[in-house]
$ cat query17.txt   # compact mmCIF, C-alpha atoms
# COMPACT_ATOMS: atom_id res chain seq x y z
CA MET A 1 40.26 66.37 29.48
CA ALA A 2 39.72 62.78 28.36
CA SER A 3 36.79 60.89 29.71
CA LYS A 4 37.36 58.21 32.22
CA PHE A 5 34.86 55.84 30.64
CA SER A 6 35.10 55.25 26.97
CA LYS A 7 32.48 53.55 24.82
CA LYS A 8 33.49 50.33 23.15
CA LYS A 9 33.44 50.50 19.45
CA SER A 10 30.94 48.18 17.80
CA GLU A 11 32.69 45.22 16.21
CA GLY A 12 29.71 44.18 14.06
CA THR A 13 26.82 41.89 14.90
CA PRO A 14 27.50 38.93 17.17
CA ALA A 15 27.54 35.41 15.61
CA ILE A 16 24.29 33.45 15.70
CA SER A 17 24.37 30.62 18.19
CA THR A 18 24.00 27.22 16.52
CA ALA A 19 23.82 25.27 19.76
CA SER A 20 20.13 24.39 19.31
CA LEU A 21 20.42 23.56 15.59
CA PRO A 22 20.88 19.77 16.10
CA ASP A 23 17.77 19.71 18.30
CA ILE A 24 15.73 21.41 15.60
CA VAL A 25 17.05 19.08 12.89
CA PHE A 26 16.22 15.95 14.90
CA MET A 27 12.79 17.31 15.77
CA LEU A 28 12.02 17.88 12.06
CA LEU A 29 13.40 14.46 11.16
CA PHE A 30 11.24 12.81 13.80
CA PHE A 31 8.16 14.74 12.63
CA PHE A 32 8.58 13.65 9.01
CA MET A 33 9.26 10.04 10.01
CA VAL A 34 5.99 9.95 11.95
CA ALA A 35 3.88 11.95 9.52
CA THR A 36 4.97 10.25 6.28
CA VAL A 37 2.80 7.46 4.95
CA MET A 38 4.53 4.77 2.93
CA ARG A 39 2.60 3.75 -0.17
CA ASP A 40 2.37 0.01 -0.63
CA THR A 41 1.52 -0.27 -4.31
CA GLU A 42 0.74 1.98 -7.22
CA LEU A 43 -2.69 1.04 -8.51
CA LYS A 44 -2.74 0.54 -12.23
CA LEU A 45 -6.28 -0.84 -12.21
CA ARG A 46 -9.68 0.68 -11.66
CA TYR A 47 -11.90 -1.24 -9.32
CA VAL A 48 -15.09 -0.53 -7.43
CA LEU A 49 -15.59 -2.97 -4.58
CA PRO A 50 -18.95 -4.77 -4.43
CA TYR A 51 -21.30 -4.28 -1.49
CA ALA A 52 -21.70 -6.83 1.30
CA ASP A 53 -23.70 -6.83 4.51
CA GLN A 54 -21.40 -9.21 6.46
CA VAL A 55 -18.14 -7.22 6.52
CA GLN A 56 -15.25 -7.73 8.95
CA LYS A 57 -12.01 -5.82 9.15
CA LEU A 58 -8.75 -7.77 8.87
CA GLU A 59 -6.75 -7.39 12.06
CA LYS A 60 -3.18 -8.38 11.16
CA LYS A 61 -2.26 -6.49 7.99
CA GLN A 62 1.27 -7.95 7.93
CA LEU A 63 -0.24 -11.37 7.14
CA VAL A 64 -2.17 -10.11 4.09
CA SER A 65 -1.02 -10.22 0.46
CA THR A 66 -3.35 -8.54 -2.02
CA ILE A 67 -4.28 -9.45 -5.58
CA PHE A 68 -6.02 -6.66 -7.50
CA VAL A 69 -8.40 -7.48 -10.37
CA GLY A 70 -9.99 -4.90 -12.64
CA LYS A 71 -9.71 -2.93 -15.82
CA PRO A 72 -6.51 -0.92 -16.45
CA THR A 73 -6.65 2.81 -15.83
CA GLU A 74 -6.70 5.13 -18.86
CA ARG A 75 -2.93 5.51 -18.68
CA TYR A 76 -2.41 1.75 -19.20
CA GLN A 77 -5.33 0.99 -21.54
CA LYS A 78 -3.25 1.83 -24.61
CA ILE A 79 -0.75 -0.88 -23.68
CA TYR A 80 -2.91 -3.55 -22.03
CA GLY A 81 -6.36 -2.98 -23.51
CA ASN A 82 -9.67 -2.74 -21.70
CA LYS A 83 -10.06 -6.34 -20.46
CA ASP A 84 -9.78 -7.37 -16.82
CA LYS A 85 -6.19 -7.67 -15.62
CA ILE A 86 -4.41 -8.95 -12.52
CA GLN A 87 -2.03 -6.73 -10.56
CA LEU A 88 0.45 -8.20 -8.07
CA ASN A 89 2.27 -5.52 -6.07
CA ASP A 90 3.20 -2.85 -8.67
CA LYS A 91 3.13 -5.06 -11.78
CA PHE A 92 0.54 -6.43 -14.13
CA ALA A 93 0.58 -10.20 -14.11
CA ASP A 94 -1.08 -13.18 -15.70
CA LEU A 95 -2.34 -16.37 -14.08
CA ASN A 96 1.04 -18.13 -14.31
CA ASP A 97 2.68 -15.39 -12.21
CA ILE A 98 0.44 -16.02 -9.17
CA GLN A 99 2.14 -19.16 -7.87
CA PRO A 100 5.72 -17.77 -7.87
CA TRP A 101 4.39 -14.55 -6.33
CA ILE A 102 2.68 -16.46 -3.49
CA LEU A 103 5.85 -18.46 -2.83
CA LYS A 104 7.88 -15.23 -2.73
CA GLU A 105 5.35 -13.57 -0.39
CA ARG A 106 5.37 -16.62 1.84
CA ALA A 107 9.18 -16.65 1.97
CA ALA A 108 9.21 -12.98 3.00
CA ARG A 109 7.21 -13.80 6.15
CA ARG A 110 8.65 -15.16 9.37
CA GLU A 111 8.49 -18.96 9.63
CA GLU A 112 5.89 -19.01 12.41
CA LEU A 113 3.55 -16.62 10.53
CA ARG A 114 3.54 -18.46 7.18
CA PRO A 115 0.60 -20.77 7.99
CA PHE A 116 -1.53 -17.72 8.82
CA MET A 117 -0.91 -15.86 5.55
CA ILE A 118 -4.10 -14.53 3.95
CA VAL A 119 -4.56 -13.75 0.26
CA ASN A 120 -6.88 -10.79 -0.20
CA ILE A 121 -8.64 -10.39 -3.56
CA LYS A 122 -9.70 -6.84 -4.35
CA ALA A 123 -11.77 -7.28 -7.46
CA ASP A 124 -13.96 -4.87 -9.37
CA GLN A 125 -17.66 -5.54 -8.92
CA ASP A 126 -17.92 -6.09 -12.69
CA ALA A 127 -14.83 -8.32 -12.92
CA ASN A 128 -15.02 -11.52 -14.94
CA MET A 129 -15.87 -14.33 -12.50
CA GLY A 130 -14.05 -16.82 -14.72
CA LEU A 131 -10.83 -14.91 -14.02
CA ILE A 132 -11.57 -14.92 -10.29
CA SER A 133 -12.16 -18.70 -10.40
CA ASP A 134 -8.89 -19.19 -12.29
CA ILE A 135 -7.06 -17.15 -9.64
CA LYS A 136 -8.61 -19.29 -6.89
CA GLU A 137 -7.51 -22.45 -8.73
CA LYS A 138 -3.91 -21.18 -8.94
CA LEU A 139 -4.02 -20.36 -5.22
CA ARG A 140 -5.23 -23.89 -4.44
CA GLU A 141 -2.35 -25.40 -6.41
CA VAL A 142 0.17 -23.59 -4.20
CA ASN A 143 -1.80 -24.36 -1.01
CA ALA A 144 -2.83 -20.75 -0.32
CA LEU A 145 -6.24 -21.66 1.04
CA LYS A 146 -6.99 -18.63 3.23
CA VAL A 147 -8.67 -16.27 0.79
CA ASN A 148 -10.45 -13.05 1.65
CA TYR A 149 -12.60 -10.92 -0.66
CA SER A 150 -12.67 -7.16 -0.08
CA ALA A 151 -16.04 -5.45 -0.13
CA ARG A 152 -17.78 -2.26 0.93
CA LYS A 153 -20.34 -2.32 3.71
CA GLY A 154 -23.80 -1.80 2.32
CA ASP A 155 -26.92 -3.41 0.93
CA VAL A 156 -26.15 -6.36 -1.35
CA SER A 157 -29.01 -5.35 -3.68
CA GLN A 158 -26.89 -2.34 -4.74
CA ASN A 159 -24.60 -4.76 -6.61
CA ALA A 160 -27.32 -5.54 -9.16
CA ARG A 161 -27.42 -2.64 -11.57

$ encode --input "query17.txt" --output "C-alpha cells"
Amino acid sequence: MASKFSKKKSEGTPAISTASLPDIVFMLLFFFMVATVMRDTELKLRYVLPYADQVQKLEKKQLVSTIFVGKPTERYQKIYGNKDKIQLNDKFADLNDIQPWILKERAARREELRPFMIVNIKADQDANMGLISDIKEKLREVNALKVNYSARKGDVSQNAR
C-alpha cells in the first residue's frame, strides 16, 4: 500500500535573498563618506608652533590659505638641506612663488569672499624672522593684507629657551 502523503525530495539549499543587498551597500557607502577625513596637505616640514597667551580660533576655515615655514623633515633633508623652507599646499616653494600662489588661491574663492581671504602663517618657533619678513613683504605686494600667525596657547615665556 502506497502512502497517501509523500515527502518532497530536497532540491538543495534555497537561494540567498539579495533584496537587502543595495541597502547594505548604500549604508556602508554613507558610513565611509561621513567617517573619512580628507587630508589637506602633506607636511614636508617640521614645525613647533610658538606659545601665545592671546589666542583666538579662526571661524571660517574656507577663507584661510596656509603658508608653512620650517625645516624639512628627515625624508627631504637630503634634497633640500636643513635650512628653513616655505611650503605652499603640497610643494616646497621659494619667495617668488608666493604671489602667483596667492592669486591662484584668491581666484579659487567665490567673488564675494575674496576680500575676506586670510593668509595663515604656520612657522616654526625657531624659524628665521628674516624669511618671515620677506614672506610678509611678498604678501603686501599682492595686497594680501589679512595675515594670521598660528600659535599654541600657553605662557609666552616658554618661547625663550

$ residues_around --input "query17.txt" --residues "Asp124 (chain A)" --least-positions-apart "3" --cutoff "7 Å" --atoms "all atoms listed in the file" --output "CSV table (one decimal) with C-alpha atoms, keeping the file's coordinate frame"
chain,number,residue,atom,x,y,z
A,47,TYR,CA,-11.9,-1.2,-9.3
A,48,VAL,CA,-15.1,-0.5,-7.4
A,49,LEU,CA,-15.6,-3.0,-4.6
A,69,VAL,CA,-8.4,-7.5,-10.4
A,70,GLY,CA,-10.0,-4.9,-12.6
A,127,ALA,CA,-14.8,-8.3,-12.9

$ closest_residue --input "query17.txt" --among "A:Gln125, A:Asn96, A:Gln87, A:Gln158" --to "Lys138 (chain A)" --atoms "all atoms listed in the file"
A:Asn96

$ closest_residue --input "query17.txt" --among "A:Arg114, A:Lys57, A:Lys136, A:Arg46" --to "Ser150 (chain A)" --atoms "only C-alpha atoms"
A:Lys57

$ residues_around --input "query17.txt" --residues "Glu105 (chain A)" --least-positions-apart "5" --cutoff "12 Å" --atoms "only C-alpha atoms" --output "list in words"
Gln62, Leu63, Val64, Ser65, Thr66, Ile67, Leu88, Asn89, Ile98, Gln99, Pro100, Arg110, Glu111, Leu113, Arg114, Met117, Ile118, Val119, Val142 and Ala144 of chain A

$ atom_distance --input "query17.txt" --atom1 "CA of Arg152 (chain A)" --atom2 "CA of Pro50 (chain A)"
6.0 Å

$ atom_distance --input "query17.txt" --atom1 "CA of Pro115 (chain A)" --atom2 "CA of Ala52 (chain A)"
27.1 Å

$ atom_distance --input "query17.txt" --atom1 "CA of Phe68 (chain A)" --atom2 "CA of Asn120 (chain A)"
8.4 Å

$ closest_residue --input "query17.txt" --among "A:Phe116, A:Leu45, A:Leu28, A:Gln56" --to "Gly81 (chain A)" --atoms "only C-alpha atoms"
A:Leu45

$ closest_residue --input "query17.txt" --among "A:Leu43, A:Met38, A:Ile121, A:Leu21" --to "Tyr149 (chain A)" --atoms "all atoms listed in the file"
A:Ile121

$ closest_residue --input "query17.txt" --among "A:Glu141, A:Glu112, A:Phe31, A:Lys44" --to "Glu74 (chain A)" --atoms "all atoms listed in the file"
A:Lys44

$ closest_residue --input "query17.txt" --among "A:Val156, A:Val55, A:Leu95, A:Ala151" --to "Glu137 (chain A)" --atoms "all atoms listed in the file"
A:Leu95
